[in-house]
Each structure stands twice: as structure tokens, then as C-alpha cells.
Amino acid sequence: NKTILLKNRPKGRPSTSDFAFIEEEKPAPKEGELLLKAKYVSVDPYLRGRMRDTKSYIEPFKLDEPVESGIVAEVIESNNSNFEKGDFVNGMLQWKQYQTSSGNGLNKVNKETAPLSAYLGVLGLTGITAYLGLEKIGNLKEGETLVVSGASGAVGSIVGQIGKIKGCNVIGIAGSDEKIKTIKDKFGFDEGINYKTTQDMSKALKKHCPDGIDVYFDNVGGEILDAVMNNINKYGRVINCGAISLYNESETPTGPRHEGTLIKKSVRMQGFTVRDFVKEFGPAISQLSTWLNEGKITFSETIVEGFDQIPQAFLDLFDGKNKGKMLVKVY
Ligand code: NDP
């Protein structure tokens, strides 16, 4: 039974040497417990934050202890009347092939309704983040211009599609021409900008957003945020969802750089963590499922195979190797 521990607190960009594999006995479930076998493991940019020893909205990982993330697992044995052998569950679980659980915090998932992997993406935290970020903070109105960064990723690809459902002009920013083609052809974005080959992002945004930007869903922070702020409209809204371009930096520049624009243009910039809205996860999943069944949204996944690949799949997020939700399939 393999387990992955956090070995070091990464300095700058993490590497595989920051993780250690150990072999343990397969555990036996006690009274009231389940034995779970991991099926799909979610790797997410926010896990980088939990590798730092700093206080946040969620506890940091402990050194020499298992890393955890969203996992869909199969119930192999059950001593708990709420679950049966053969059920599939979704929850925050450890990077272990097999583990026991009391069942607390686990949700049953139905593989007839959607593929198991979807419960970690479009019908899981990333889909919910896209929906509730827009819903609670974006205040999107028909005809407005919505820009989203990380546009081909798990959150970004859903944000853009919801923007189209709401009747907006949607521009996505991503890191390759292939990703730009996908967000336009598969996800229906109006335009896309490859930030890696564009010299002047402010100018490119101006060209694609001739009426300015009303709502910016920010997944990356940094220079792209600067370029958006140069094009933001009066009463614009900036949804600070993530800042992956800064996650491996050890120093954060002091002071907000955009205060002048926020004041002059009456812009509202608001951060959030999706857990702020836990009570609304049910309705969010229900809306996303409806759109999925109606064919109004679709999704991409990058599924890497094999438990041993979990650390590398996580690292690959910082090189943009994923299209849509990055997952590891475990046998
Ligand atoms: P993604 O599927 O979007 O994967 C990460 C992507 O980020 C990569 O594919 C890459 O795409 C892009 N990226 C990597 N490095 C950089 C960089 N230096 N500059 C710009 N883009 C970069 O991940 P998620 O959809 O899971 O997460 C997206 C964002 O949302 C993250 O910032 C995450 O932390 C945040 N998040 C926030 C939540 C909340 O509650 N607030 C909940 C869930 C996620 P490319 O090829 O385009 O560079």
C-alpha cells in the first residue's frame, strides 16, 4: 500500500524530491469505518499553498505526513451502515492507494450520472468555483465583456462557457496556440490570447475588448492582472480566484498596484475561497449538471495514469501541461 508524504517544504518551484513514497500495510477498517481504494486523485494549484508553513484558510500539510487532496475512491469494505461495498465516494483523502475512513465528509457519487472523474472537475470543486465565483462576485450582465485567465484550465474553461450562457463577450487568456484553438472551437469563447507569445498584453486586450473589460475572472495574478487593469471599465468587477503565476515566488511585492484604477473607475476587486459558499454547493452542482445534460457546457480532462505519477502531475500544472482538469487515475 503506497503512500506519498511531503518530505520538504518546497523553496520556489517544487520538485519530485519534495515528496517521498513509503510502503505500508493495507489497513483494516474498524467498527464504523470503511476501507477505500483511490480511483481518481485531483492535483490542484492551491496545494502549493498548503506546502508552506503559513497560516491560511486551510491547515498547512505537516512534514513527513501524507499529502491530501480531492479523491474519488471505491468502498472495498464497509463497517458503516451509510455505505456499501462497491459504492464510490468523493472527499478530501490522503495520497494513499488504500485508506480507512469514518465516512465523515465523504459524498457518494453515481457513475451512471456522470463519469467518476467529473466529480473532481466540472461537478466538483473547480466547476463549483467557476460557477459561484461568477455568481457571487461577478454580477455578470448580458452583453458585458468577460475576460478569464487560465482559460483552458479546470476553472477557466467552465467560467468562459458560463459567460457565453449569460450572453457575454468572452475572451480567454492561455499559454499555447493549441489551447486558444480549443477554448474557441470546443468551449465557444469569442476570442483568445496566448500570453506566452504576445509581447504587449494590454494592447492585445484592447484589440479584443474594444468596449473595455467589465468582469475579469483572475486565475493567475501578476502581469496579466496589470494588463487587464489597463483596460478595465468603470464599475468593473475583478474576481480574484487564484494567482498561480505567483505561487512559487518567495517575495510578494508590497502594496496593491491598482489602487488608482480601483478608485478612479469605481472598480470592485474581491477575493474568495470557494469554501466561503459551502451552503450553495448543492444548487451549484445541480445547475452545472443541468447545463452538462443539456449540452450547454462541456469539459476537458488530462488524465495521467498511475499512483506514482501524482507528484509529477502536480508539478506539471506549473508548466501548463494540462488541458482542463488535471487528474491521476489510480488502479
Ligand atoms: P488549471 O487547470 O487552470 O491549471 C493551472 C494552469 O495555470 C496551467 O494549466 C497553466 O495554463 C496556468 N499557469 C501555470 N503557470 C502560470 C503562470 N506563471 N502564468 C499564467 N498561467 C499559468 O488549475 P485550476 O483550474 O484548478 O485552478 C485555476 C486557479 O484557480 C488557480 O490559481 C487556483 O489556485 C485557483 N482556485 C481557486 C479556488 C478558490 O476557492 N479561490 C478554488 C480552485 C482553484 P497555461 O498553459 O495557460 O499557462
# chains A, B, ... in the order shown; residues from 1 in each chain; ligands from 1
call {"tool": "residues_near_ligand", "arguments": {"ligand": "ligand 1", "cutoff": "7 Å", "atoms": "only C-alpha atoms and all ligand atoms", "output": "ChimeraX atom specification"}}
result
/A:44-46,125-126,129,150-156,173-176,219-220,241-246,272-275,317-326
call {"tool": "write_last_selection", "arguments": {"atoms": "C-alpha atoms", "output": "tab-separated table (two decimals), in the first residue's frame"}}
result
chain	number	residue	atom	x	y	z
A	44	ASP	CA	-4.58	21.36	-7.79
A	45	PRO	CA	-2.54	24.57	-7.79
A	46	TYR	CA	-3.77	25.51	-4.27
A	125	LEU	CA	-14.64	21.98	-6.62
A	126	THR	CA	-13.30	23.52	-9.83
A	129	THR	CA	-15.53	27.63	-8.07
A	150	GLY	CA	-6.08	30.22	-17.06
A	151	ALA	CA	-8.80	29.92	-19.67
A	152	SER	CA	-8.13	26.37	-20.79
A	153	GLY	CA	-7.79	25.06	-17.22
A	154	ALA	CA	-10.33	23.36	-14.98
A	155	VAL	CA	-11.85	26.54	-13.55
A	156	GLY	CA	-11.23	28.85	-16.53
A	173	ILE	CA	-6.05	34.02	-21.90
A	174	ALA	CA	-3.97	30.82	-22.04
A	175	GLY	CA	-0.43	29.60	-22.68
A	176	SER	CA	-0.41	27.94	-26.12
A	219	ASN	CA	-6.78	32.73	-12.04
A	220	VAL	CA	-3.17	33.83	-12.48
A	241	CYS	CA	-9.85	33.42	-7.67
A	242	GLY	CA	-6.18	32.47	-7.90
A	243	ALA	CA	-2.70	33.78	-8.66
A	244	ILE	CA	-0.79	30.76	-9.95
A	245	SER	CA	1.90	32.97	-11.54
A	246	LEU	CA	2.95	33.97	-8.01
A	272	PHE	CA	-12.86	34.45	-2.32
A	273	THR	CA	-12.30	30.84	-1.47
A	274	VAL	CA	-15.00	28.56	-2.70
A	275	ARG	CA	-15.42	27.20	0.84
A	317	LEU	CA	0.33	22.28	-13.53
A	318	PHE	CA	3.01	24.97	-13.24
A	319	ASP	CA	4.15	24.20	-16.80
A	320	GLY	CA	0.63	24.26	-18.19
A	321	LYS	CA	0.84	20.61	-19.28
A	322	ASN	CA	-2.85	20.09	-18.50
A	323	LYS	CA	-5.84	20.85	-20.64
A	324	GLY	CA	-8.87	21.14	-18.42
A	325	LYS	CA	-8.85	19.30	-15.11
A	326	MET	CA	-5.59	17.54	-14.20
call {"tool": "select_by_dssp", "arguments": {"residues": "segment 63-263 of chain A", "states": "strand (DSSP E or B)", "output": "count of residues only"}}
result
58
call {"tool": "closest_residue", "arguments": {"among": "A:Ala73, A:Leu6, A:Ala204, A:Ile137", "to": "Arg52 of chain A", "atoms": "only C-alpha atoms"}}
result
A:Leu6
call {"tool": "select_by_dssp", "arguments": {"residues": "segment 99-282 of chain A", "states": "alpha helix (DSSP H)", "output": "short mmCIF file (atom, residue, chain, number, x, y, z; two decimals) with N, CA and C atoms, in the first residue's frame"}}
result
data_model
loop_
_atom_site.label_atom_id
_atom_site.label_comp_id
_atom_site.auth_asym_id
_atom_site.auth_seq_id
_atom_site.Cartn_x
_atom_site.Cartn_y
_atom_site.Cartn_z
N LEU A 125 -15.02 20.65 -7.13
CA LEU A 125 -14.64 21.98 -6.62
C LEU A 125 -14.30 22.99 -7.72
N THR A 126 -13.70 22.52 -8.82
CA THR A 126 -13.30 23.52 -9.83
C THR A 126 -14.52 24.08 -10.59
N GLY A 127 -15.47 23.19 -10.90
CA GLY A 127 -16.71 23.66 -11.55
C GLY A 127 -17.48 24.59 -10.62
N ILE A 128 -17.55 24.19 -9.36
CA ILE A 128 -18.29 24.99 -8.36
C ILE A 128 -17.61 26.36 -8.19
N THR A 129 -16.28 26.37 -8.21
CA THR A 129 -15.53 27.63 -8.07
C THR A 129 -15.86 28.57 -9.23
N ALA A 130 -15.89 28.01 -10.44
CA ALA A 130 -16.21 28.83 -11.61
C ALA A 130 -17.62 29.42 -11.45
N TYR A 131 -18.57 28.56 -11.12
CA TYR A 131 -19.96 28.99 -11.06
C TYR A 131 -20.19 30.01 -9.93
N LEU A 132 -19.72 29.67 -8.73
CA LEU A 132 -20.02 30.56 -7.59
C LEU A 132 -19.17 31.83 -7.62
N GLY A 133 -17.96 31.76 -8.15
CA GLY A 133 -17.15 32.98 -8.29
C GLY A 133 -17.87 33.99 -9.18
N ALA A 154 -9.11 23.94 -15.55
CA ALA A 154 -10.33 23.36 -14.98
C ALA A 154 -11.35 24.44 -14.64
N VAL A 155 -10.93 25.46 -13.92
CA VAL A 155 -11.85 26.54 -13.55
C VAL A 155 -12.15 27.42 -14.77
N GLY A 156 -11.09 27.87 -15.45
CA GLY A 156 -11.23 28.85 -16.53
C GLY A 156 -12.12 28.38 -17.66
N SER A 157 -12.03 27.10 -18.04
CA SER A 157 -12.81 26.63 -19.18
C SER A 157 -14.31 26.64 -18.85
N ILE A 158 -14.64 26.45 -17.58
CA ILE A 158 -16.06 26.48 -17.19
C ILE A 158 -16.53 27.94 -17.08
N VAL A 159 -15.66 28.81 -16.55
CA VAL A 159 -16.01 30.24 -16.44
C VAL A 159 -16.42 30.78 -17.81
N GLY A 160 -15.60 30.51 -18.82
CA GLY A 160 -15.87 31.06 -20.16
C GLY A 160 -17.20 30.56 -20.71
N GLN A 161 -17.48 29.28 -20.49
CA GLN A 161 -18.74 28.73 -21.03
C GLN A 161 -19.95 29.32 -20.31
N ILE A 162 -19.82 29.56 -19.01
CA ILE A 162 -20.94 30.18 -18.28
C ILE A 162 -21.12 31.61 -18.80
N GLY A 163 -20.00 32.28 -19.07
CA GLY A 163 -20.07 33.63 -19.64
C GLY A 163 -20.87 33.64 -20.94
N LYS A 164 -20.67 32.61 -21.77
CA LYS A 164 -21.42 32.54 -23.04
C LYS A 164 -22.90 32.26 -22.77
N ILE A 165 -23.19 31.38 -21.79
CA ILE A 165 -24.60 31.10 -21.45
C ILE A 165 -25.28 32.41 -21.02
N ASP A 177 -1.01 28.12 -28.47
CA ASP A 177 -1.96 28.32 -29.58
C ASP A 177 -2.99 27.19 -29.61
N GLU A 178 -2.53 25.98 -29.25
CA GLU A 178 -3.47 24.85 -29.23
C GLU A 178 -4.58 25.10 -28.19
N LYS A 179 -4.19 25.63 -27.04
CA LYS A 179 -5.20 25.91 -26.01
C LYS A 179 -6.17 27.01 -26.48
N ILE A 180 -5.63 27.99 -27.19
CA ILE A 180 -6.50 29.08 -27.70
C ILE A 180 -7.51 28.50 -28.70
N LYS A 181 -7.02 27.61 -29.55
CA LYS A 181 -7.93 26.99 -30.53
C LYS A 181 -9.04 26.22 -29.79
N THR A 182 -8.64 25.48 -28.76
CA THR A 182 -9.63 24.68 -28.01
C THR A 182 -10.67 25.56 -27.33
N ILE A 183 -10.22 26.64 -26.69
CA ILE A 183 -11.23 27.44 -25.97
C ILE A 183 -12.24 28.06 -26.95
N LYS A 184 -11.77 28.33 -28.18
CA LYS A 184 -12.71 28.90 -29.16
C LYS A 184 -13.58 27.80 -29.79
N ASP A 185 -12.93 26.73 -30.25
CA ASP A 185 -13.68 25.70 -31.01
C ASP A 185 -14.53 24.82 -30.10
N MET A 201 0.42 42.63 -23.72
CA MET A 201 -0.90 42.08 -23.35
C MET A 201 -1.95 43.19 -23.26
N SER A 202 -1.55 44.37 -22.80
CA SER A 202 -2.53 45.47 -22.70
C SER A 202 -3.10 45.79 -24.07
N LYS A 203 -2.19 45.84 -25.05
CA LYS A 203 -2.61 46.17 -26.42
C LYS A 203 -3.51 45.07 -27.00
N ALA A 204 -3.11 43.81 -26.74
CA ALA A 204 -3.90 42.69 -27.27
C ALA A 204 -5.31 42.70 -26.65
N LEU A 205 -5.39 43.01 -25.36
CA LEU A 205 -6.71 43.06 -24.71
C LEU A 205 -7.54 44.20 -25.27
N LYS A 206 -6.87 45.31 -25.53
CA LYS A 206 -7.58 46.47 -26.09
C LYS A 206 -8.20 46.10 -27.44
N LYS A 207 -7.40 45.36 -28.23
CA LYS A 207 -7.88 44.98 -29.56
C LYS A 207 -9.11 44.05 -29.47
N HIS A 208 -9.04 43.07 -28.56
CA HIS A 208 -10.13 42.09 -28.48
C HIS A 208 -11.31 42.58 -27.62
N GLY A 222 -0.39 38.58 -11.17
CA GLY A 222 0.84 39.05 -11.81
C GLY A 222 0.63 40.00 -12.97
N GLU A 223 1.47 39.83 -14.00
CA GLU A 223 1.49 40.79 -15.11
C GLU A 223 0.19 40.81 -15.91
N ILE A 224 -0.48 39.66 -15.97
CA ILE A 224 -1.73 39.62 -16.74
C ILE A 224 -2.79 40.48 -16.05
N LEU A 225 -2.79 40.44 -14.73
CA LEU A 225 -3.73 41.30 -13.98
C LEU A 225 -3.43 42.78 -14.30
N ASP A 226 -2.14 43.13 -14.35
CA ASP A 226 -1.77 44.51 -14.71
C ASP A 226 -2.39 44.91 -16.05
N ALA A 227 -2.23 44.01 -17.02
CA ALA A 227 -2.70 44.32 -18.38
C ALA A 227 -4.22 44.47 -18.41
N VAL A 228 -4.90 43.63 -17.63
CA VAL A 228 -6.37 43.74 -17.58
C VAL A 228 -6.76 45.08 -16.95
N MET A 229 -6.07 45.47 -15.89
CA MET A 229 -6.44 46.71 -15.19
C MET A 229 -6.27 47.93 -16.09
N GLU A 259 -4.51 50.51 -6.98
CA GLU A 259 -5.42 51.31 -6.17
C GLU A 259 -5.98 52.49 -6.96
N GLY A 260 -5.10 53.12 -7.74
CA GLY A 260 -5.54 54.29 -8.53
C GLY A 260 -6.69 53.92 -9.45
N THR A 261 -6.53 52.80 -10.16
CA THR A 261 -7.59 52.37 -11.09
C THR A 261 -8.86 52.01 -10.33
N LEU A 262 -8.70 51.33 -9.19
CA LEU A 262 -9.89 50.93 -8.41
C LEU A 262 -10.69 52.17 -8.04
N ILE A 263 -9.98 53.22 -7.63
CA ILE A 263 -10.67 54.44 -7.19
C ILE A 263 -11.27 55.18 -8.39
N LYS A 264 -10.42 55.46 -9.37
CA LYS A 264 -10.88 56.29 -10.49
C LYS A 264 -12.04 55.65 -11.24
N PHE A 281 -23.14 24.75 -2.45
CA PHE A 281 -22.54 23.75 -3.34
C PHE A 281 -23.63 22.91 -4.02
N GLY A 282 -24.67 22.53 -3.25
CA GLY A 282 -25.74 21.68 -3.81
C GLY A 282 -26.39 22.32 -5.03
#
call {"tool": "closest_residue", "arguments": {"among": "A:Gly306, A:Gly212, A:Gly103, A:Pro253", "to": "Leu35 of chain A", "atoms": "only C-alpha atoms"}}
result
A:Gly103
call {"tool": "atom_distance", "arguments": {"atom1": "atom CA of Leu315 of chain A", "atom2": "atom CA of Val330 of chain A"}}
result
17.6 Å
